[in-house]
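Raw contents of target_31.csv, CSV, C-alpha atoms:
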chain,number,residue,atom,x,y,z
A,8,MET,CA,7.3,16.2,-31.1
A,9,GLU,CA,6.7,15.6,-27.4
A,10,ARG,CA,7.8,12.0,-27.5
A,11,LEU,CA,10.8,12.9,-29.6
A,12,GLY,CA,11.8,15.5,-26.9
A,13,ILE,CA,11.5,13.0,-24.2
A,14,LYS,CA,13.8,10.5,-26.0
A,15,ARG,CA,16.4,13.2,-26.6
A,16,CYS,CA,16.2,14.2,-22.9
A,17,ILE,CA,16.9,10.6,-21.8
A,18,ALA,CA,19.7,10.2,-24.3
A,19,SER,CA,21.4,13.4,-23.3
A,20,ARG,CA,21.3,12.5,-19.6
A,21,SER,CA,22.8,9.1,-20.3
A,22,LEU,CA,25.8,10.7,-21.9
A,23,VAL,CA,26.7,12.5,-18.7
A,24,ALA,CA,26.3,9.2,-16.7
A,25,VAL,CA,23.3,10.2,-14.6
A,26,ALA,CA,21.8,7.1,-13.0
A,27,ALA,CA,19.3,5.6,-15.3
A,28,LEU,CA,16.4,5.6,-12.9
A,29,PHE,CA,16.8,9.2,-11.9
A,30,ALA,CA,17.2,10.1,-15.6
A,31,LEU,CA,13.8,8.5,-16.2
A,32,ALA,CA,12.3,10.4,-13.3
A,33,ALA,CA,13.7,13.7,-14.6
A,34,CYS,CA,12.7,13.3,-18.2
A,35,THR,CA,9.3,11.7,-18.2
A,36,THR,CA,6.5,14.1,-18.8
A,37,PRO,CA,3.7,13.8,-16.2
A,38,SER,CA,0.9,14.6,-18.6
A,39,THR,CA,1.6,11.7,-20.9
A,40,GLY,CA,-0.3,9.0,-19.1
A,41,TRP,CA,-3.6,7.2,-18.5
A,42,GLU,CA,-5.5,8.1,-15.4
A,43,VAL,CA,-7.1,5.0,-13.8
A,44,PRO,CA,-10.7,5.6,-12.9
A,45,HIS,CA,-11.5,4.8,-9.2
A,46,PRO,CA,-13.6,6.2,-6.3
A,47,GLY,CA,-10.7,7.2,-4.1
A,48,LYS,CA,-9.5,10.8,-3.6
A,49,TYR,CA,-6.0,10.5,-5.1
A,50,THR,CA,-5.4,10.5,-8.8
A,51,LEU,CA,-3.6,7.4,-10.2
A,52,THR,CA,-1.8,7.8,-13.5
A,53,TYR,CA,0.2,5.2,-15.4
A,54,SER,CA,2.8,6.7,-17.7
A,55,TYR,CA,2.6,6.0,-21.5
A,56,GLU,CA,6.4,6.1,-21.7
A,57,THR,CA,8.4,2.9,-22.4
A,58,PRO,CA,10.1,1.6,-19.3
A,59,ASP,CA,13.7,2.5,-18.9
A,60,ASP,CA,15.9,-0.1,-20.7
A,61,LYS,CA,18.2,-0.6,-17.7
A,62,THR,CA,15.9,-0.4,-14.8
A,63,GLY,CA,12.7,-1.8,-16.4
A,64,ARG,CA,10.7,0.5,-14.2
A,65,SER,CA,7.7,2.6,-15.3
A,66,ARG,CA,6.6,5.9,-13.9
A,67,ILE,CA,3.4,6.1,-11.9
A,68,THR,CA,1.9,9.1,-10.2
A,69,VAL,CA,-0.3,9.0,-7.1
A,70,GLY,CA,-1.6,12.5,-6.4
A,71,GLU,CA,1.4,14.8,-6.5
A,72,ARG,CA,3.9,12.0,-5.8
A,73,GLU,CA,5.7,9.8,-8.3
A,74,PHE,CA,6.7,6.1,-8.0
A,75,PHE,CA,8.7,3.8,-10.2
A,76,VAL,CA,7.5,0.3,-10.6
A,77,PRO,CA,9.1,-2.6,-12.5
A,78,GLY,CA,7.1,-5.3,-14.3
A,79,GLY,CA,7.7,-7.8,-11.5
A,80,THR,CA,6.0,-5.7,-8.8
A,81,VAL,CA,2.3,-5.2,-8.4
A,82,ARG,CA,1.4,-1.7,-9.5
A,83,PRO,CA,-0.9,0.6,-7.4
A,84,SER,CA,-4.5,-0.2,-8.2
A,85,ALA,CA,-8.0,1.2,-7.7
A,86,GLN,CA,-8.2,-0.9,-4.5
A,87,SER,CA,-4.9,0.4,-3.1
A,88,MET,CA,-6.0,4.0,-3.9
A,89,TYR,CA,-9.2,3.4,-2.0
A,90,LEU,CA,-7.3,2.1,1.0
A,91,LEU,CA,-5.0,5.1,0.8
A,92,SER,CA,-8.0,7.4,0.8
A,93,HIS,CA,-9.6,5.9,3.9
A,94,TRP,CA,-6.9,5.4,6.5
A,95,LYS,CA,-5.9,8.1,8.9
A,96,ILE,CA,-2.4,8.3,10.4
A,97,LYS,CA,-1.8,10.7,13.3
A,98,GLU,CA,1.4,12.6,14.2
A,99,GLY,CA,3.9,10.4,15.9
A,100,GLU,CA,2.2,7.0,15.3
A,101,GLU,CA,4.1,3.8,14.4
A,102,VAL,CA,2.7,2.0,11.3
A,103,LEU,CA,3.1,-1.5,9.9
A,104,ASP,CA,2.4,-1.7,6.1
A,105,ILE,CA,1.9,-5.3,5.1
A,106,GLY,CA,2.0,-6.0,1.4
A,107,THR,CA,3.7,-2.7,0.7
A,108,GLY,CA,4.2,-3.5,-3.0
A,109,SER,CA,5.7,-0.3,-4.6
A,110,GLY,CA,5.6,1.4,-1.2
A,111,VAL,CA,2.7,3.8,-1.9
A,112,GLN,CA,1.0,3.3,1.5
A,113,ALA,CA,4.2,3.6,3.4
A,114,VAL,CA,5.3,6.8,1.7
A,115,PHE,CA,2.0,8.6,2.4
A,116,ALA,CA,1.9,7.2,5.9
A,117,ALA,CA,5.4,8.6,6.6
A,118,GLU,CA,4.1,12.1,6.1
A,119,LYS,CA,2.6,11.9,9.6
A,120,ALA,CA,4.0,8.7,11.2
A,121,LYS,CA,7.0,8.6,13.6
A,122,ARG,CA,8.1,5.5,11.7
A,123,VAL,CA,6.8,3.0,9.2
A,124,VAL,CA,7.8,-0.6,8.8
A,125,ALA,CA,7.0,-1.9,5.3
A,126,THR,CA,7.0,-5.6,4.4
A,127,ASP,CA,6.3,-7.8,1.4
A,128,ILE,CA,6.9,-11.4,0.5
A,129,SER,CA,8.3,-10.3,-2.9
A,130,SER,CA,12.0,-9.4,-3.2
A,131,SER,CA,11.1,-7.2,-6.2
A,132,ALA,CA,8.5,-5.3,-4.2
A,133,VAL,CA,11.0,-4.8,-1.4
A,134,GLU,CA,13.6,-3.4,-3.7
A,135,THR,CA,11.0,-1.2,-5.4
A,136,ALA,CA,9.7,0.1,-2.0
A,137,ILE,CA,13.2,1.0,-0.9
A,138,PHE,CA,13.8,3.0,-4.0
A,139,ASN,CA,10.4,4.8,-3.8
A,140,ALA,CA,10.9,5.6,-0.1
A,141,ARG,CA,14.3,7.2,-1.0
A,142,HIS,CA,12.9,8.9,-4.1
A,143,ASN,CA,10.1,10.6,-2.1
A,144,GLY,CA,12.5,11.6,0.7
A,145,PHE,CA,11.4,9.2,3.5
A,146,SER,CA,14.4,6.9,3.9
A,147,ASP,CA,14.8,8.1,7.4
A,148,LYS,CA,11.2,7.2,8.4
A,149,ILE,CA,10.5,4.1,6.3
A,150,GLU,CA,12.2,0.8,7.1
A,151,VAL,CA,11.6,-1.7,4.4
A,152,ARG,CA,12.4,-5.1,5.8
A,153,PRO,CA,13.8,-8.1,3.9
A,154,PRO,CA,11.2,-10.2,2.1
A,155,GLY,CA,8.9,-12.3,4.4
A,156,ASP,CA,5.4,-13.8,4.7
A,157,LEU,CA,3.0,-11.6,6.7
A,158,PHE,CA,4.5,-10.9,10.1
A,159,GLU,CA,7.7,-12.8,9.6
A,160,PRO,CA,9.8,-9.6,9.1
A,161,VAL,CA,8.4,-8.1,12.3
A,162,LYS,CA,10.8,-8.2,15.3
A,163,ALA,CA,9.9,-9.8,18.6
A,164,GLY,CA,8.1,-7.4,20.8
A,165,GLU,CA,7.3,-4.9,18.1
A,166,ARG,CA,3.9,-3.3,18.4
A,167,PHE,CA,2.2,-0.7,16.2
A,168,ASP,CA,-0.5,2.0,16.5
A,169,VAL,CA,-1.7,1.2,12.9
A,170,ILE,CA,-1.5,-1.8,10.7
A,171,LEU,CA,-2.3,-1.5,7.0
A,172,PHE,CA,-3.2,-4.7,5.1
A,173,ASN,CA,-3.2,-4.5,1.3
A,174,ILE,CA,-2.8,-8.1,-0.1
A,175,ASP,CA,-4.7,-9.7,-3.0
A,176,TYR,CA,-8.1,-11.3,-2.1
A,177,PRO,CA,-10.3,-14.0,-3.7
A,178,TYR,CA,-12.0,-12.5,-6.7
A,179,GLY,CA,-13.3,-15.5,-8.7
A,180,PRO,CA,-13.1,-19.3,-9.3
A,181,GLY,CA,-9.7,-20.7,-8.6
A,182,THR,CA,-8.6,-17.9,-6.2
A,183,GLU,CA,-10.3,-19.2,-3.0
A,184,GLY,CA,-7.0,-20.3,-1.7
A,185,LEU,CA,-6.1,-16.7,-1.0
A,186,TRP,CA,-8.4,-16.8,2.0
A,187,LYS,CA,-5.8,-18.8,3.8
A,188,VAL,CA,-3.5,-15.8,3.9
A,189,HIS,CA,-6.2,-13.6,5.2
A,190,GLU,CA,-7.2,-16.1,7.8
A,191,ARG,CA,-3.6,-16.2,9.1
A,192,PHE,CA,-3.5,-12.4,9.2
A,193,PHE,CA,-6.6,-12.2,11.3
A,194,ALA,CA,-5.3,-15.0,13.6
A,195,GLU,CA,-2.0,-13.2,14.3
A,196,VAL,CA,-2.6,-9.5,14.0
A,197,SER,CA,-3.7,-8.8,17.6
A,198,ASN,CA,-0.2,-9.8,18.7
A,199,TYR,CA,1.3,-6.8,16.9
A,200,LEU,CA,-1.1,-4.0,18.0
A,201,LYS,CA,-0.5,-1.5,20.7
A,202,PRO,CA,-3.4,-1.0,23.2
A,203,GLY,CA,-6.1,0.8,21.3
A,204,GLY,CA,-4.3,0.1,18.0
A,205,ARG,CA,-6.3,-0.2,14.8
A,206,ILE,CA,-6.3,-2.1,11.5
A,207,TYR,CA,-7.2,-0.7,8.1
A,208,TYR,CA,-8.0,-3.8,6.0
A,209,GLN,CA,-8.6,-3.6,2.2
A,210,ILE,CA,-10.6,-6.1,0.2
A,211,GLY,CA,-12.9,-5.9,-2.8
A,212,LEU,CA,-16.2,-7.3,-3.9
A,213,VAL,CA,-19.3,-7.1,-1.8
A,214,GLN,CA,-19.7,-10.9,-1.6
A,215,ASN,CA,-16.5,-11.1,0.4
A,216,ILE,CA,-17.9,-9.1,3.3
A,217,PRO,CA,-19.4,-12.1,5.2
A,218,ASN,CA,-16.1,-13.9,5.2
A,219,VAL,CA,-14.4,-10.9,6.7
A,220,GLN,CA,-17.1,-10.6,9.4
A,221,GLU,CA,-16.6,-14.3,10.3
A,222,MET,CA,-12.7,-13.9,10.5
A,223,ALA,CA,-13.2,-10.9,12.7
A,224,ARG,CA,-15.6,-12.7,15.1
A,225,ASN,CA,-13.4,-15.8,15.3
A,226,ASN,CA,-10.4,-13.7,16.4
A,227,GLN,CA,-12.0,-11.3,18.8
A,228,LEU,CA,-11.8,-8.3,16.5
A,229,ARG,CA,-14.5,-5.7,16.1
A,230,ILE,CA,-15.4,-4.1,12.8
A,231,VAL,CA,-16.2,-0.5,13.6
A,232,SER,CA,-16.4,0.8,10.1
A,233,ILE,CA,-17.0,-0.5,6.5
A,234,ARG,CA,-16.4,2.0,3.7
A,235,MET,CA,-17.3,1.0,0.2
A,236,ASP,CA,-17.9,2.4,-3.3
A,237,SER,CA,-18.3,0.7,-6.6
A,238,ALA,CA,-15.6,1.0,-9.3
A,239,ARG,CA,-18.0,-0.2,-12.0
A,240,ARG,CA,-15.6,0.3,-14.9
A,241,LEU,CA,-13.1,-2.0,-13.2
A,242,LYS,CA,-15.7,-4.5,-12.0
A,243,ARG,CA,-14.6,-4.1,-8.3
A,244,ASP,CA,-16.1,-2.9,-5.1
A,245,PRO,CA,-13.3,-1.4,-3.1
A,246,ILE,CA,-13.9,-1.8,0.6
A,247,VAL,CA,-11.9,-0.7,3.6
A,248,PHE,CA,-12.6,-2.1,7.0
A,249,VAL,CA,-11.5,-0.5,10.3
A,250,LEU,CA,-11.0,-3.0,13.1
A,251,PHE,CA,-10.1,-2.9,16.8
A,252,ARG,CA,-9.5,-5.7,19.3
A,253,GLU,CA,-12.5,-6.5,21.3
A,254,ARG,CA,-10.5,-6.2,24.5
A,255,ASP,CA,-9.5,-2.7,23.7
A,256,ILE,CA,-13.0,-1.6,23.2
A,257,ALA,CA,-14.1,-3.3,26.4
A,258,LEU,CA,-11.5,-1.7,28.6
A,259,ASP,CA,-11.8,2.0,29.4
A,260,THR,CA,-8.0,2.3,29.9
A,261,ASN,CA,-7.4,1.0,26.4
A,262,ALA,CA,-10.4,2.5,24.7
A,263,PRO,CA,-9.6,3.4,21.1
A,264,ASP,CA,-9.6,6.9,19.9
A,265,PRO,CA,-12.9,7.4,18.0
A,266,ASP,CA,-11.3,9.7,15.5
A,267,TYR,CA,-10.2,7.0,13.0
Translate the structure of the given file into structure tokens.
Amino acid sequence: MERLGIKRCIASRSLVAVAALFALAACTTPSTGWEVPHPGKYTLTYSYETPDDKTGRSRITVGEREFFVPGGTVRPSAQSMYLLSHWKIKEGEEVLDIGTGSGVQAVFAAEKAKRVVATDISSSAVETAIFNARHNGFSDKIEVRPPGDLFEPVKAGERFDVILFNIDYPYGPGTEGLWKVHERFFAEVSNYLKPGGRIYYQIGLVQNIPNVQEMARNNQLRIVSIRMDSARRLKRDPIVFVLFRERDIALDTNAPDPDY
């Protein structure tokens, strides 16, 4: 009966020409979903409901917030939930969210940040993040840039207090090429940090830690924290690194705030 009620609700709203996406948002029952097991502090639930015929988006809840994600966009995962659980944004900070996907990190960051710039190489992800920023009431704080690779969408001279990195990582044979993206990130990221700015970098699998340590050393970045738990049912080890520039740590005038 519950599913029948949902179908009737969607049908009735379509008759009065309510936008299909918002009809789906209004009519999907939050309890009909599968909760993804992970060690982060926010619940992640995928809806059992069939994606809306017109938008192709499915409803996903993160904590108390809801997001709508089409098939062509990467859905929030255990790893992204772990990143979300372990960064700290302070009132008035400016944030760059690289690999925004469905916009989850950007939306939660906007609760405290002065502004958030969200980027992704996928046009589908950009469109999805724009919708989810609006749906969650943060269009005024979140600027989702046109698709671009890593820092391409960032304007000349822009600097940020916080940079979030949430891009896929090598996880098995045939995926080693993904390191090239991470290496470019480490080589360029210092140019986009304000003095004392920090990076929250997400990656999985314990065996990847030495590669991250090497990339940090090669680019004069200091790892000041490594937070990790095992998501055994998903065969992943979500890890979040907190990094600062070596020169900021060395100079008292630019010394980073230890409350990170």
Check the smallest atom-to-atom distance from each of A:Glu195, A:Pro160, A:Asp104, A:Ala125 to Ser146 in chain A using all atoms listed in the file, then report the winner.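 Between A:Glu195, A:Pro160, A:Asp104, A:Ala125, the residue approaching Ser146 in chain A most closely is A:Ala125.
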From (-13.4, -8.4, 24.8), in the file's coordinates, out to 12 Å: which residues are reached, counting all atoms listed in the file? Answer as number ranges by chain. A: 224, 226-229, 251-259, 261-262
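If you look at CA of Pro153 in chain A and CA of Phe138 in chain A, they are 13.6 Å away from each other.
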Using all atoms listed in the file, which residues sit within 9 Å of range 199-209 of chain A once same-chain residues fewer than 4 positions away are excluded, as a PDB file with C-alpha atoms, in the frame of the given file?
ATOM      1  CA  GLN A  86      -8.200  -0.900  -4.500  1.00  0.00           C
ATOM      2  CA  SER A  87      -4.900   0.400  -3.100  1.00  0.00           C
ATOM      3  CA  TYR A  89      -9.200   3.400  -2.000  1.00  0.00           C
ATOM      4  CA  LEU A  90      -7.300   2.100   1.000  1.00  0.00           C
ATOM      5  CA  HIS A  93      -9.600   5.900   3.900  1.00  0.00           C
ATOM      6  CA  TRP A  94      -6.900   5.400   6.500  1.00  0.00           C
ATOM      7  CA  LYS A  95      -5.900   8.100   8.900  1.00  0.00           C
ATOM      8  CA  LEU A 103       3.100  -1.500   9.900  1.00  0.00           C
ATOM      9  CA  PHE A 158       4.500 -10.900  10.100  1.00  0.00           C
ATOM     10  CA  VAL A 161       8.400  -8.100  12.300  1.00  0.00           C
ATOM     11  CA  GLY A 164       8.100  -7.400  20.800  1.00  0.00           C
ATOM     12  CA  GLU A 165       7.300  -4.900  18.100  1.00  0.00           C
ATOM     13  CA  ARG A 166       3.900  -3.300  18.400  1.00  0.00           C
ATOM     14  CA  PHE A 167       2.200  -0.700  16.200  1.00  0.00           C
ATOM     15  CA  ASP A 168      -0.500   2.000  16.500  1.00  0.00           C
ATOM     16  CA  VAL A 169      -1.700   1.200  12.900  1.00  0.00           C
ATOM     17  CA  ILE A 170      -1.500  -1.800  10.700  1.00  0.00           C
ATOM     18  CA  LEU A 171      -2.300  -1.500   7.000  1.00  0.00           C
ATOM     19  CA  PHE A 172      -3.200  -4.700   5.100  1.00  0.00           C
ATOM     20  CA  ASN A 173      -3.200  -4.500   1.300  1.00  0.00           C
ATOM     21  CA  ILE A 174      -2.800  -8.100  -0.100  1.00  0.00           C
ATOM     22  CA  ASP A 175      -4.700  -9.700  -3.000  1.00  0.00           C
ATOM     23  CA  TYR A 176      -8.100 -11.300  -2.100  1.00  0.00           C
ATOM     24  CA  GLU A 195      -2.000 -13.200  14.300  1.00  0.00           C
ATOM     25  CA  PRO A 245     -13.300  -1.400  -3.100  1.00  0.00           C
ATOM     26  CA  ILE A 246     -13.900  -1.800   0.600  1.00  0.00           C
ATOM     27  CA  VAL A 247     -11.900  -0.700   3.600  1.00  0.00           C
ATOM     28  CA  PHE A 248     -12.600  -2.100   7.000  1.00  0.00           C
ATOM     29  CA  VAL A 249     -11.500  -0.500  10.300  1.00  0.00           C
ATOM     30  CA  LEU A 250     -11.000  -3.000  13.100  1.00  0.00           C
ATOM     31  CA  PHE A 251     -10.100  -2.900  16.800  1.00  0.00           C
ATOM     32  CA  ARG A 252      -9.500  -5.700  19.300  1.00  0.00           C
ATOM     33  CA  ARG A 254     -10.500  -6.200  24.500  1.00  0.00           C
ATOM     34  CA  ASP A 255      -9.500  -2.700  23.700  1.00  0.00           C
ATOM     35  CA  ILE A 256     -13.000  -1.600  23.200  1.00  0.00           C
ATOM     36  CA  THR A 260      -8.000   2.300  29.900  1.00  0.00           C
ATOM     37  CA  ASN A 261      -7.400   1.000  26.400  1.00  0.00           C
ATOM     38  CA  ALA A 262     -10.400   2.500  24.700  1.00  0.00           C
ATOM     39  CA  PRO A 263      -9.600   3.400  21.100  1.00  0.00           C
ATOM     40  CA  ASP A 264      -9.600   6.900  19.900  1.00  0.00           C
ATOM     41  CA  TYR A 267     -10.200   7.000  13.000  1.00  0.00           C
TER      42      TYR A 267
END
Would you please work out which residue, of A:Ile96, A:Val81, A:Leu157, A:Met222, is nearest to Ile67 in chain A when using only C-alpha atoms?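 Nearest to Ile67 in chain A: A:Val81.
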Incomplete range 191-223 of chain A filled out to N, CA and C atoms as a compact mmCIF listing (two decimals), in the frame of the given file:
# COMPACT_ATOMS: atom_id res chain seq x y z
N ARG A 191 -4.80 -16.30 8.24
CA ARG A 191 -3.60 -16.20 9.10
C ARG A 191 -3.37 -14.81 9.60
N PHE A 192 -3.64 -13.82 8.75
CA PHE A 192 -3.50 -12.40 9.20
C PHE A 192 -4.41 -12.15 10.37
N PHE A 193 -5.68 -12.51 10.25
CA PHE A 193 -6.60 -12.20 11.30
C PHE A 193 -6.25 -13.00 12.61
N ALA A 194 -5.71 -14.19 12.47
CA ALA A 194 -5.30 -15.00 13.60
C ALA A 194 -4.15 -14.41 14.38
N GLU A 195 -3.27 -13.68 13.69
CA GLU A 195 -2.00 -13.20 14.30
C GLU A 195 -1.97 -11.73 14.59
N VAL A 196 -2.80 -10.93 13.95
CA VAL A 196 -2.60 -9.50 14.00
C VAL A 196 -2.71 -8.87 15.37
N SER A 197 -3.53 -9.42 16.25
CA SER A 197 -3.70 -8.80 17.60
C SER A 197 -2.37 -8.80 18.35
N ASN A 198 -1.46 -9.73 18.04
CA ASN A 198 -0.20 -9.80 18.70
C ASN A 198 0.74 -8.60 18.39
N TYR A 199 0.39 -7.83 17.37
CA TYR A 199 1.30 -6.80 16.90
C TYR A 199 0.66 -5.38 17.03
N LEU A 200 -0.46 -5.29 17.73
CA LEU A 200 -1.10 -4.00 18.00
C LEU A 200 -0.78 -3.47 19.35
N LYS A 201 -0.56 -2.18 19.44
CA LYS A 201 -0.50 -1.50 20.70
C LYS A 201 -1.89 -1.45 21.33
N PRO A 202 -2.02 -1.25 22.64
CA PRO A 202 -3.40 -1.00 23.20
C PRO A 202 -4.08 0.09 22.48
N GLY A 203 -5.30 -0.19 22.05
CA GLY A 203 -6.10 0.80 21.30
C GLY A 203 -5.68 0.93 19.85
N GLY A 204 -4.75 0.08 19.38
CA GLY A 204 -4.30 0.10 18.00
C GLY A 204 -5.41 -0.28 17.03
N ARG A 205 -5.28 0.10 15.78
CA ARG A 205 -6.30 -0.20 14.80
C ARG A 205 -5.76 -0.75 13.50
N ILE A 206 -6.64 -1.41 12.76
CA ILE A 206 -6.30 -2.10 11.50
C ILE A 206 -7.12 -1.44 10.39
N TYR A 207 -6.48 -1.13 9.28
CA TYR A 207 -7.20 -0.70 8.10
C TYR A 207 -6.95 -1.87 7.05
N TYR A 208 -8.03 -2.54 6.73
CA TYR A 208 -8.00 -3.80 6.00
C TYR A 208 -8.71 -3.59 4.64
N GLN A 209 -8.00 -3.79 3.53
CA GLN A 209 -8.60 -3.60 2.20
C GLN A 209 -8.95 -4.89 1.55
N ILE A 210 -10.15 -4.91 0.99
CA ILE A 210 -10.60 -6.10 0.20
C ILE A 210 -11.63 -5.59 -0.79
N GLY A 211 -11.87 -6.35 -1.83
CA GLY A 211 -12.90 -5.90 -2.80
C GLY A 211 -13.99 -6.93 -2.94
N LEU A 212 -15.04 -6.52 -3.59
CA LEU A 212 -16.20 -7.30 -3.90
C LEU A 212 -17.13 -7.50 -2.68
N VAL A 213 -18.35 -7.09 -2.84
CA VAL A 213 -19.30 -7.10 -1.80
C VAL A 213 -19.53 -8.54 -1.22
N GLN A 214 -19.45 -9.53 -2.08
CA GLN A 214 -19.70 -10.90 -1.60
C GLN A 214 -18.64 -11.41 -0.65
N ASN A 215 -17.52 -10.70 -0.53
CA ASN A 215 -16.50 -11.10 0.40
C ASN A 215 -16.74 -10.62 1.85
N ILE A 216 -17.68 -9.72 2.03
CA ILE A 216 -17.90 -9.10 3.30
C ILE A 216 -18.25 -10.18 4.41
N PRO A 217 -19.13 -11.15 4.15
CA PRO A 217 -19.40 -12.10 5.20
C PRO A 217 -18.20 -12.91 5.66
N ASN A 218 -17.28 -13.22 4.78
CA ASN A 218 -16.10 -13.90 5.20
C ASN A 218 -15.22 -13.07 6.12
N VAL A 219 -15.14 -11.77 5.84
CA VAL A 219 -14.40 -10.90 6.70
C VAL A 219 -15.05 -10.77 8.08
N GLN A 220 -16.35 -10.68 8.10
CA GLN A 220 -17.10 -10.60 9.40
C GLN A 220 -16.82 -11.88 10.21
N GLU A 221 -16.80 -13.02 9.56
CA GLU A 221 -16.60 -14.30 10.30
C GLU A 221 -15.12 -14.33 10.81
N MET A 222 -14.13 -13.92 10.00
CA MET A 222 -12.70 -13.90 10.50
C MET A 222 -12.57 -12.99 11.65
N ALA A 223 -13.24 -11.86 11.63
CA ALA A 223 -13.20 -10.90 12.70
C ALA A 223 -13.74 -11.51 14.01
